[in-house]
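Enquirer: Below is run22.cif; it holds mmCIF, C-alpha atoms.
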```
data_structure
#
loop_
_atom_site.group_PDB
_atom_site.id
_atom_site.type_symbol
_atom_site.label_atom_id
_atom_site.label_comp_id
_atom_site.auth_asym_id
_atom_site.auth_seq_id
_atom_site.Cartn_x
_atom_site.Cartn_y
_atom_site.Cartn_z
ATOM 1 C CA MET A 1 -43.280 27.907 10.560
ATOM 2 C CA LYS A 2 -40.035 26.903 8.827
ATOM 3 C CA ASP A 3 -38.689 25.357 12.042
ATOM 4 C CA ARG A 4 -41.917 23.401 12.568
ATOM 5 C CA GLU A 5 -41.833 22.045 9.020
ATOM 6 C CA THR A 6 -38.172 21.095 9.423
ATOM 7 C CA GLN A 7 -38.884 19.271 12.676
ATOM 8 C CA LYS A 8 -41.865 17.526 11.072
ATOM 9 C CA HIS A 9 -39.580 16.268 8.291
ATOM 10 C CA ILE A 10 -36.979 15.072 10.832
ATOM 11 C CA ASP A 11 -39.611 13.259 12.898
ATOM 12 C CA ALA A 12 -40.995 11.558 9.800
ATOM 13 C CA GLN A 13 -37.499 10.509 8.711
ATOM 14 C CA ARG A 14 -36.683 9.077 12.117
ATOM 15 C CA SER A 15 -39.981 7.214 12.393
ATOM 16 C CA SER A 16 -39.461 5.520 9.027
ATOM 17 C CA GLY A 17 -35.746 4.921 9.600
ATOM 18 C CA PHE A 18 -32.803 5.827 7.401
ATOM 19 C CA SER A 19 -33.733 3.707 4.423
ATOM 20 C CA ASP A 20 -31.603 3.966 1.296
ATOM 21 C CA ASN A 21 -32.056 2.065 -1.960
ATOM 22 C CA GLU A 22 -28.363 2.337 -2.852
ATOM 23 C CA VAL A 23 -27.319 0.912 0.520
ATOM 24 C CA ASP A 24 -29.626 -2.086 0.039
ATOM 25 C CA THR A 25 -28.329 -2.552 -3.509
ATOM 26 C CA LEU A 26 -24.722 -2.477 -2.294
ATOM 27 C CA HIS A 27 -25.536 -5.045 0.399
ATOM 28 C CA GLY A 28 -26.943 -7.288 -2.318
ATOM 29 C CA LEU A 29 -23.938 -6.834 -4.599
ATOM 30 C CA VAL A 30 -21.403 -7.580 -1.868
ATOM 31 C CA GLY A 31 -23.371 -10.649 -0.802
ATOM 32 C CA GLU A 32 -23.454 -11.893 -4.401
ATOM 33 C CA HIS A 33 -19.701 -11.340 -4.804
ATOM 34 C CA LEU A 34 -18.947 -13.323 -1.649
ATOM 35 C CA ARG A 35 -21.279 -16.131 -2.713
ATOM 36 C CA LYS A 36 -19.599 -16.489 -6.130
ATOM 37 C CA MET A 37 -16.127 -16.268 -4.590
ATOM 38 C CA LYS A 38 -17.019 -19.092 -2.198
ATOM 39 C CA LYS A 39 -18.153 -21.310 -5.101
ATOM 40 C CA LEU A 40 -14.872 -20.720 -6.941
ATOM 41 C CA GLN A 41 -12.966 -21.409 -3.748
ATOM 42 C CA ASP A 42 -14.862 -24.689 -3.268
ATOM 43 C CA LEU A 43 -13.826 -25.650 -6.815
ATOM 44 C CA GLY A 44 -10.198 -25.128 -5.768
ATOM 45 C CA VAL A 45 -9.540 -22.264 -8.202
ATOM 46 C CA ASP A 46 -7.370 -20.314 -5.745
ATOM 47 C CA LYS A 47 -5.202 -23.345 -4.885
ATOM 48 C CA SER A 48 -4.824 -24.450 -8.499
ATOM 49 C CA ALA A 49 -3.948 -20.927 -9.643
ATOM 50 C CA ALA A 50 -1.262 -20.596 -6.973
ATOM 51 C CA GLN A 51 0.177 -23.973 -7.945
ATOM 52 C CA TYR A 52 0.033 -23.862 -11.747
ATOM 53 C CA LEU A 53 -0.336 -20.297 -13.013
ATOM 54 C CA ALA A 54 2.588 -18.657 -11.202
ATOM 55 C CA HIS A 55 6.162 -19.039 -12.485
ATOM 56 C CA THR A 56 6.920 -20.766 -9.214
ATOM 57 C CA PRO A 57 4.314 -22.282 -6.882
ATOM 58 C CA THR A 58 3.096 -19.780 -4.302
ATOM 59 C CA GLU A 59 1.391 -20.163 -0.958
ATOM 60 C CA VAL A 60 -2.381 -19.791 -0.965
ATOM 61 C CA LYS A 61 -3.571 -16.980 1.242
ATOM 62 C CA PRO A 62 -6.856 -17.780 3.004
ATOM 63 C CA LEU A 63 -9.759 -15.964 1.400
ATOM 64 C CA TYR A 64 -11.883 -15.948 4.552
ATOM 65 C CA LYS A 65 -10.713 -15.708 8.146
ATOM 66 C CA LYS A 66 -12.379 -17.043 11.301
ATOM 67 C CA ASP A 67 -13.171 -14.987 14.386
ATOM 68 C CA ASP A 68 -13.005 -16.229 17.988
ATOM 69 C CA ALA A 69 -16.496 -17.684 17.632
ATOM 70 C CA GLY A 70 -15.518 -19.670 14.538
ATOM 71 C CA LYS A 71 -17.495 -17.529 12.090
ATOM 72 C CA PHE A 72 -16.114 -16.731 8.639
ATOM 73 C CA TYR A 73 -15.472 -13.145 7.605
ATOM 74 C CA LEU A 74 -13.696 -11.268 4.826
ATOM 75 C CA GLU A 75 -11.179 -8.615 5.897
ATOM 76 C CA ILE A 76 -10.824 -5.544 3.670
ATOM 77 C CA LYS A 77 -8.351 -2.723 4.206
ATOM 78 C CA LEU A 78 -9.879 0.741 4.158
ATOM 79 C CA PRO A 79 -8.013 4.067 3.674
ATOM 80 C CA GLN A 80 -5.024 4.802 5.888
ATOM 81 C CA GLY A 81 -2.574 7.684 6.161
ATOM 82 C CA GLN A 82 -2.337 11.090 7.852
ATOM 83 C CA SER A 83 -5.240 13.345 8.786
ATOM 84 C CA TYR A 84 -5.013 17.142 9.146
ATOM 85 C CA ILE A 85 -8.681 17.705 9.894
ATOM 86 C CA ASP A 86 -7.884 19.246 13.319
ATOM 87 C CA TRP A 87 -4.840 21.231 12.174
ATOM 88 C CA PRO A 88 -2.324 21.873 13.736
ATOM 89 C CA LYS A 89 -2.905 18.411 15.182
ATOM 90 C CA VAL A 90 -1.834 15.589 12.861
ATOM 91 C CA TYR A 91 -3.240 12.079 13.163
ATOM 92 C CA LEU A 92 -2.163 8.709 11.803
ATOM 93 C CA TYR A 93 -5.185 6.573 10.955
ATOM 94 C CA ASP A 94 -6.148 3.272 9.409
ATOM 95 C CA GLY A 95 -9.396 1.513 8.669
ATOM 96 C CA THR A 96 -10.579 -2.068 8.237
ATOM 97 C CA ALA A 97 -13.869 -3.627 7.177
ATOM 98 C CA PHE A 98 -14.987 -7.036 8.431
ATOM 99 C CA VAL A 99 -17.718 -8.499 6.224
ATOM 100 C CA TYR A 100 -19.586 -11.538 7.562
ATOM 101 C CA PRO A 101 -21.599 -13.754 5.211
ATOM 102 C CA LYS A 102 -24.363 -15.978 6.540
ATOM 103 C CA GLU A 103 -23.381 -19.566 7.248
ATOM 104 C CA ASP A 104 -24.745 -20.744 3.876
ATOM 105 C CA PHE A 105 -23.448 -17.609 2.080
ATOM 106 C CA SER A 106 -27.001 -16.806 0.990
ATOM 107 C CA ASP A 107 -26.715 -13.225 2.223
ATOM 108 C CA LEU A 108 -24.708 -10.911 4.458
ATOM 109 C CA ASP A 109 -24.856 -11.498 8.199
ATOM 110 C CA LYS A 110 -22.966 -8.506 9.633
ATOM 111 C CA ILE A 111 -20.633 -5.660 8.627
ATOM 112 C CA ILE A 112 -18.130 -4.012 10.971
ATOM 113 C CA LEU A 113 -16.160 -0.892 10.041
ATOM 114 C CA ALA A 114 -13.248 -0.111 12.383
ATOM 115 C CA PHE A 115 -11.216 3.116 12.274
ATOM 116 C CA ARG A 116 -8.160 3.595 14.507
ATOM 117 C CA ARG A 117 -6.115 6.770 14.901
ATOM 118 C CA VAL A 118 -3.434 8.335 17.113
ATOM 119 C CA ASN A 119 -2.037 11.863 17.165
ATOM 120 C CA ALA A 120 1.366 11.883 15.466
ATOM 121 C CA ASP A 121 2.883 14.685 17.579
ATOM 122 C CA GLY A 122 2.730 15.974 21.143
ATOM 123 C CA THR A 123 3.854 14.574 24.487
ATOM 124 C CA ILE A 124 0.614 12.639 25.147
ATOM 125 C CA HIS A 125 -0.591 10.244 22.497
ATOM 126 C CA VAL A 126 -4.359 9.806 22.495
ATOM 127 C CA LYS A 127 -5.342 6.538 20.850
ATOM 128 C CA GLU A 128 -8.865 6.175 19.526
ATOM 129 C CA MET A 129 -10.908 3.565 17.722
ATOM 130 C CA ARG A 130 -14.358 4.108 16.273
ATOM 131 C CA ARG A 131 -16.486 1.226 15.060
ATOM 132 C CA LEU A 132 -19.709 1.112 13.062
ATOM 133 C CA ILE A 133 -21.561 -2.194 13.272
ATOM 134 C CA ASN A 134 -24.497 -3.100 11.055
ATOM 135 C CA PRO A 135 -25.923 -6.269 12.656
ATOM 136 C CA SER A 136 -28.448 -6.859 9.857
ATOM 137 C CA PRO A 137 -27.262 -5.621 6.426
ATOM 138 C CA ARG A 138 -30.204 -6.483 4.189
ATOM 139 C CA ALA A 139 -30.392 -6.478 0.420
ATOM 140 C CA GLN A 140 -33.391 -5.265 -1.555
ATOM 141 C CA SER A 141 -36.406 -7.382 -0.670
ATOM 142 C CA PRO A 142 -38.978 -8.698 -3.161
ATOM 143 C CA ASP A 143 -41.618 -8.248 -0.442
ATOM 144 C CA LYS A 144 -43.996 -5.301 -0.658
ATOM 145 C CA ASP A 145 -45.329 -3.023 2.060
ATOM 146 C CA GLU A 146 -48.927 -1.836 2.565
ATOM 147 C CA LYS A 147 -48.530 0.731 -0.235
ATOM 148 C CA GLY A 148 -47.265 -1.890 -2.686
ATOM 149 C CA GLU A 149 -43.706 -0.541 -2.568
ATOM 150 C CA ALA A 150 -40.603 -2.675 -2.060
ATOM 151 C CA LYS A 151 -39.555 -3.000 1.569
ATOM 152 C CA ILE A 152 -36.153 -1.502 2.316
ATOM 153 C CA ASP A 153 -33.988 -1.722 5.409
ATOM 154 C CA THR A 154 -34.435 1.082 7.946
ATOM 155 C CA ASN A 155 -30.802 0.781 9.153
ATOM 156 C CA SER A 156 -32.010 2.016 12.555
ATOM 157 C CA ASP A 157 -30.155 -0.748 14.432
ATOM 158 C CA ILE A 158 -26.669 0.370 13.334
ATOM 159 C CA ILE A 159 -24.403 0.487 16.415
ATOM 160 C CA LEU A 160 -21.641 3.049 17.023
ATOM 161 C CA GLU A 161 -18.732 2.292 19.367
ATOM 162 C CA TYR A 162 -15.952 4.554 20.651
ATOM 163 C CA PHE A 163 -12.726 3.397 22.335
ATOM 164 C CA GLN A 164 -10.085 5.711 23.844
ATOM 165 C CA ALA A 165 -6.790 5.173 25.666
ATOM 166 C CA LEU A 166 -3.946 7.415 26.865
ATOM 167 C CA THR A 167 -1.471 4.645 27.705
ATOM 168 C CA SER A 168 1.324 3.916 25.258
ATOM 169 C CA ASP A 169 0.917 0.126 25.461
ATOM 170 C CA THR A 170 -2.777 0.055 24.522
ATOM 171 C CA ILE A 171 -3.298 -1.277 21.010
ATOM 172 C CA TRP A 172 -6.646 -2.700 20.015
ATOM 173 C CA PRO A 173 -6.137 -5.827 17.900
ATOM 174 C CA ASN A 174 -7.191 -5.570 14.279
ATOM 175 C CA LYS A 175 -9.956 -8.114 14.825
ATOM 176 C CA PRO A 176 -13.748 -7.972 14.559
ATOM 177 C CA VAL A 177 -14.243 -9.282 18.117
ATOM 178 C CA GLN A 178 -12.779 -7.021 20.804
ATOM 179 C CA LYS A 179 -12.138 -8.264 24.350
ATOM 180 C CA ASP A 180 -12.366 -4.789 25.881
ATOM 181 C CA PRO A 181 -15.808 -3.155 25.935
ATOM 182 C CA ALA A 182 -16.276 0.190 24.192
ATOM 183 C CA ASN A 183 -16.080 3.360 26.283
ATOM 184 C CA ILE A 184 -19.202 4.715 24.576
ATOM 185 C CA THR A 185 -21.924 2.836 22.673
ATOM 186 C CA MET A 186 -24.788 4.432 20.759
ATOM 187 C CA VAL A 187 -27.515 3.336 18.350
ATOM 188 C CA LEU A 188 -28.069 5.254 15.126
ATOM 189 C CA ASN A 189 -31.812 5.733 15.540
ATOM 190 C CA ASP A 190 -32.738 5.161 19.176
ATOM 191 C CA ASP A 191 -36.392 6.001 19.865
ATOM 192 C CA LYS A 192 -35.717 7.232 23.390
ATOM 193 C CA ASP A 193 -32.461 9.107 22.810
ATOM 194 C CA PRO A 194 -31.871 9.824 19.090
ATOM 195 C CA LEU A 195 -28.618 11.299 17.841
ATOM 196 C CA PRO A 196 -28.673 14.806 16.327
ATOM 197 C CA TYR A 197 -30.265 14.566 12.890
ATOM 198 C CA GLU A 198 -27.290 16.026 11.007
ATOM 199 C CA LYS A 199 -25.019 13.435 12.657
ATOM 200 C CA GLN A 200 -27.398 10.643 11.675
ATOM 201 C CA LYS A 201 -27.274 11.751 8.046
ATOM 202 C CA HIS A 202 -23.463 12.040 8.186
ATOM 203 C CA ILE A 203 -23.159 8.508 9.571
ATOM 204 C CA MET A 204 -25.297 7.088 6.760
ATOM 205 C CA LEU A 205 -23.321 8.985 4.107
ATOM 206 C CA THR A 206 -20.055 7.657 5.553
ATOM 207 C CA TYR A 207 -21.449 4.115 5.693
ATOM 208 C CA LYS A 208 -22.590 4.332 2.069
ATOM 209 C CA LYS A 209 -19.163 5.634 1.012
ATOM 210 C CA MET A 210 -17.417 2.706 2.726
ATOM 211 C CA LEU A 211 -19.914 0.232 1.218
ATOM 212 C CA ARG A 212 -18.961 1.457 -2.252
ATOM 213 C CA LYS A 213 -15.307 0.724 -1.465
ATOM 214 C CA ILE A 214 -16.187 -2.725 -0.137
ATOM 215 C CA SER A 215 -18.281 -3.514 -3.221
ATOM 216 C CA LYS A 216 -15.461 -2.364 -5.511
ATOM 217 C CA HIS A 217 -12.918 -4.493 -3.640
ATOM 218 C CA THR A 218 -15.037 -7.659 -3.695
ATOM 219 C CA ALA A 219 -15.878 -7.119 -7.379
ATOM 220 C CA HIS A 220 -12.158 -6.917 -8.232
ATOM 221 C CA LYS A 221 -11.378 -10.007 -6.156
ATOM 222 C CA LEU A 222 -14.164 -11.969 -7.842
ATOM 223 C CA ARG A 223 -12.969 -10.835 -11.282
ATOM 224 C CA ASP A 224 -9.424 -12.011 -10.497
ATOM 225 C CA MET A 225 -10.695 -15.429 -9.416
ATOM 226 C CA GLU A 226 -12.838 -15.745 -12.556
ATOM 227 C CA LEU A 227 -9.825 -14.836 -14.721
ATOM 228 C CA ASP A 228 -7.744 -17.455 -12.902
ATOM 229 C CA GLN A 229 -10.425 -20.036 -13.657
ATOM 230 C CA LYS A 230 -10.399 -19.130 -17.364
ATOM 231 C CA GLN A 231 -6.588 -19.288 -17.478
ATOM 232 C CA LEU A 232 -6.635 -22.725 -15.870
ATOM 233 C CA ILE A 233 -9.137 -23.991 -18.457
ATOM 234 C CA THR A 234 -6.998 -22.542 -21.254
ATOM 235 C CA LYS A 235 -3.916 -24.225 -19.767
ATOM 236 C CA ILE A 236 -5.656 -27.589 -19.684
ATOM 237 C CA LEU A 237 -6.869 -27.268 -23.296
ATOM 238 C CA ASP A 238 -3.580 -25.969 -24.729
ATOM 239 C CA TYR A 239 -2.598 -28.989 -26.853
ATOM 240 C CA ASN A 240 -0.220 -27.157 -29.203
#
```
Show the structure stored in the file as structure tokens.
Expert:
Amino acid sequence: MKDRETQKHIDAQRSSGFSDNEVDTLHGLVGEHLRKMKKLQDLGVDKSAAQYLAHTPTEVKPLYKKDDAGKFYLEIKLPQGQSYIDWPKVYLYDGTAFVYPKEDFSDLDKIILAFRRVNADGTIHVKEMRRLINPSPRAQSPDKDEKGEAKIDTNSDIILEYFQALTSDTIWPNKPVQKDPANITMVLNDDKDPLPYEKQKHIMLTYKKMLRKISKHTAHKLRDMELDQKQLITKILDYN
């Protein structure tokens, strides 16, 4: 009976998708941060701050980069260091997030999380890269469903990619668009071949954790740009 009830819960969860109010809220926050940052950039705040607020003029670092298709994205460094999760094996790892806004910056278009690692000891170095791609990160919608509740994203279309290489000269570029295809590709909530339920939950928890880091980073960057704007106004109005 307990197993049947558990399976019933899993089936219901899978059929409705892995919706999460916090995930939708974080998507909305990150999209808002990027939109406000773009407005400040269009006003020239970053260039003016580099020219007039520093003791000596500094070079302006581009806020957004362009991929091979000419689309803008924001690159954010995720945790890096050593991992002892498979002790006695030791791994070196790094992570990067690529956040794509829509062309008009009205919302998010895509989020890619890339994690690379290599074993730090041993005669054979196994290089790996894992990527999580959300092709449609949606914010909370004002639309209602049949029950009158707010529609939330199911996140079922999240894609998982795995790359592996044993050769010493293989290094995947730290870019959102990879020339080499992934060795393994899976979908978070495939109707025909779903992942184990516990793994699905773990993937969503990891994604939410990384979204919090991305939101925190973009919030800090926006705050810095807003402070630069206030300092520039104060500099202009300082008549004494």
Enquirer: For Arg116 in chain A, find every residue with an atom within 10 Å (counting only C-alpha atoms), except residues of its own chain fewer than 6 positions away, and show them as a list of chain:residue names.
Expert: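 Here the answer would be A:Gln80, A:Tyr91, A:Leu92, A:Tyr93, A:Asp94, A:Gly95, A:Thr96, A:Lys127, A:Glu128, A:Met129, A:Arg130, A:Arg131, A:Tyr162, A:Phe163, A:Gln164, A:Ile171, A:Trp172, A:Asn174.
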Enquirer: Please determine, counting only C-alpha atoms, which residue among A:Asp238, A:Asp121, A:Glu161, A:Asp228 has the shortest atom-to-atom distance to Lys47 in chain A.
Expert: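 Ranked by minimum distance to Lys47 in chain A, first place goes to A:Asp228.
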Enquirer: So what do you get for CA of Gln82 in chain A versus CA of Arg117 in chain A, distance-wise?
Expert: 9.1 Å
Enquirer: Between A:Val60, A:Val177, A:Leu188, A:Leu34, single out the one closest to Asp104 in chain A, counting only C-alpha atoms.
Expert: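 Selected residue with least distance to Asp104 in chain A: A:Leu34.
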Enquirer: Can you work out the spacing between CA of Glu5 in chain A and CA of His202 in chain A in Å, to one decimal?
Expert: 20.9 Å
Enquirer: Emit as lines of an AutoDock Vina configuration file the padded axis-aligned box for all listed atoms of range 40-44 of chain A, 4 Å per side, with centre and edge lengths in Å to one decimal.
Expert:
```
center_x = -12.5
center_y = -23.2
center_z = -5.1
size_x = 12.7
size_y = 12.9
size_z = 11.7
```
Enquirer: Just to confirm, what's the straight-line distance from CA of Asp67 in chain A to CA of Tyr100 in chain A in Å (one decimal)?
Expert: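 These atoms are spaced 10.0 Å apart.
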Enquirer: Looking at only C-alpha atoms, which of A:Asp46, A:Asp68, A:Asp190, A:Glu226 is the one that sits closest to Ile158 in chain A?
Expert: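 Between A:Asp46, A:Asp68, A:Asp190, A:Glu226, the residue approaching Ile158 in chain A most closely is A:Asp190.
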Enquirer: For Met37 in chain A, which residue out of A:Thr154, A:Asn183, A:Leu74, A:Val90 is the nearest one, using only C-alpha atoms?
Expert: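 Among A:Thr154, A:Asn183, A:Leu74, A:Val90, it is A:Leu74 that comes nearest to Met37 in chain A.
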Enquirer: Give the answer as one residue: which of A:Pro173, A:Gly17, A:Pro137, A:Gly44 has the shortest atom-to-atom distance to Pro101 in chain A, using all atoms listed in the file?
Expert: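 Once distances to Pro101 in chain A are computed over all atoms listed in the file, the minimum belongs to A:Pro137.
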Enquirer: Specify as a PDB file with C-alpha atoms, in the coordinates of the input each residue included when the PyMOL selection byres ((chain A and resi 107) around 12) is applied to this file.
Expert:
```
ATOM      1  CA  ASP A  24     -29.626  -2.086   0.039  1.00  0.00           C
ATOM      2  CA  LEU A  26     -24.722  -2.477  -2.294  1.00  0.00           C
ATOM      3  CA  HIS A  27     -25.536  -5.045   0.399  1.00  0.00           C
ATOM      4  CA  GLY A  28     -26.943  -7.288  -2.318  1.00  0.00           C
ATOM      5  CA  LEU A  29     -23.938  -6.834  -4.599  1.00  0.00           C
ATOM      6  CA  VAL A  30     -21.403  -7.580  -1.868  1.00  0.00           C
ATOM      7  CA  GLY A  31     -23.371 -10.649  -0.802  1.00  0.00           C
ATOM      8  CA  GLU A  32     -23.454 -11.893  -4.401  1.00  0.00           C
ATOM      9  CA  HIS A  33     -19.701 -11.340  -4.804  1.00  0.00           C
ATOM     10  CA  LEU A  34     -18.947 -13.323  -1.649  1.00  0.00           C
ATOM     11  CA  ARG A  35     -21.279 -16.131  -2.713  1.00  0.00           C
ATOM     12  CA  LYS A  36     -19.599 -16.489  -6.130  1.00  0.00           C
ATOM     13  CA  VAL A  99     -17.718  -8.499   6.224  1.00  0.00           C
ATOM     14  CA  TYR A 100     -19.586 -11.538   7.562  1.00  0.00           C
ATOM     15  CA  PRO A 101     -21.599 -13.754   5.211  1.00  0.00           C
ATOM     16  CA  LYS A 102     -24.363 -15.978   6.540  1.00  0.00           C
ATOM     17  CA  GLU A 103     -23.381 -19.566   7.248  1.00  0.00           C
ATOM     18  CA  ASP A 104     -24.745 -20.744   3.876  1.00  0.00           C
ATOM     19  CA  PHE A 105     -23.448 -17.609   2.080  1.00  0.00           C
ATOM     20  CA  SER A 106     -27.001 -16.806   0.990  1.00  0.00           C
ATOM     21  CA  LEU A 108     -24.708 -10.911   4.458  1.00  0.00           C
ATOM     22  CA  ASP A 109     -24.856 -11.498   8.199  1.00  0.00           C
ATOM     23  CA  LYS A 110     -22.966  -8.506   9.633  1.00  0.00           C
ATOM     24  CA  ILE A 111     -20.633  -5.660   8.627  1.00  0.00           C
ATOM     25  CA  SER A 136     -28.448  -6.859   9.857  1.00  0.00           C
ATOM     26  CA  PRO A 137     -27.262  -5.621   6.426  1.00  0.00           C
ATOM     27  CA  ARG A 138     -30.204  -6.483   4.189  1.00  0.00           C
ATOM     28  CA  ALA A 139     -30.392  -6.478   0.420  1.00  0.00           C
ATOM     29  CA  GLN A 140     -33.391  -5.265  -1.555  1.00  0.00           C
ATOM     30  CA  SER A 141     -36.406  -7.382  -0.670  1.00  0.00           C
TER      31      SER A 141
END
```
Enquirer: Which is closest to Ser15 in chain A among A:His220, A:Arg212, A:Lys192, A:Lys71, if we use all atoms listed in the file?
Expert: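 Going through A:His220, A:Arg212, A:Lys192, A:Lys71 one by one, the smallest distance to Ser15 in chain A is for A:Lys192.
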Enquirer: So which residues fall inside 10 Å of (-16.0, 6.3, 5.7) if we count all atoms listed in the file? Mind giving them as JSON, numbers by chain?
Expert: {"A": [78, 79, 95, 113, 114, 115, 132, 202, 203, 204, 205, 206, 207, 208, 209, 210, 211, 212, 213]}
Enquirer: Report as a list in words the residues that result from applying the PyMOL selection byres ((chain A and resi 49) around 10) to the structure here.
Expert: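 Taken over the shown coordinates, the PyMOL selection byres ((chain A and resi 49) around 10) returns Gly44, Val45, Asp46, Lys47, Ser48, Ala50, Gln51, Tyr52, Leu53, Ala54, Pro57, Thr58, Val60, Met225, Leu227, Asp228, Gln229, Gln231 and Leu232 of chain A.
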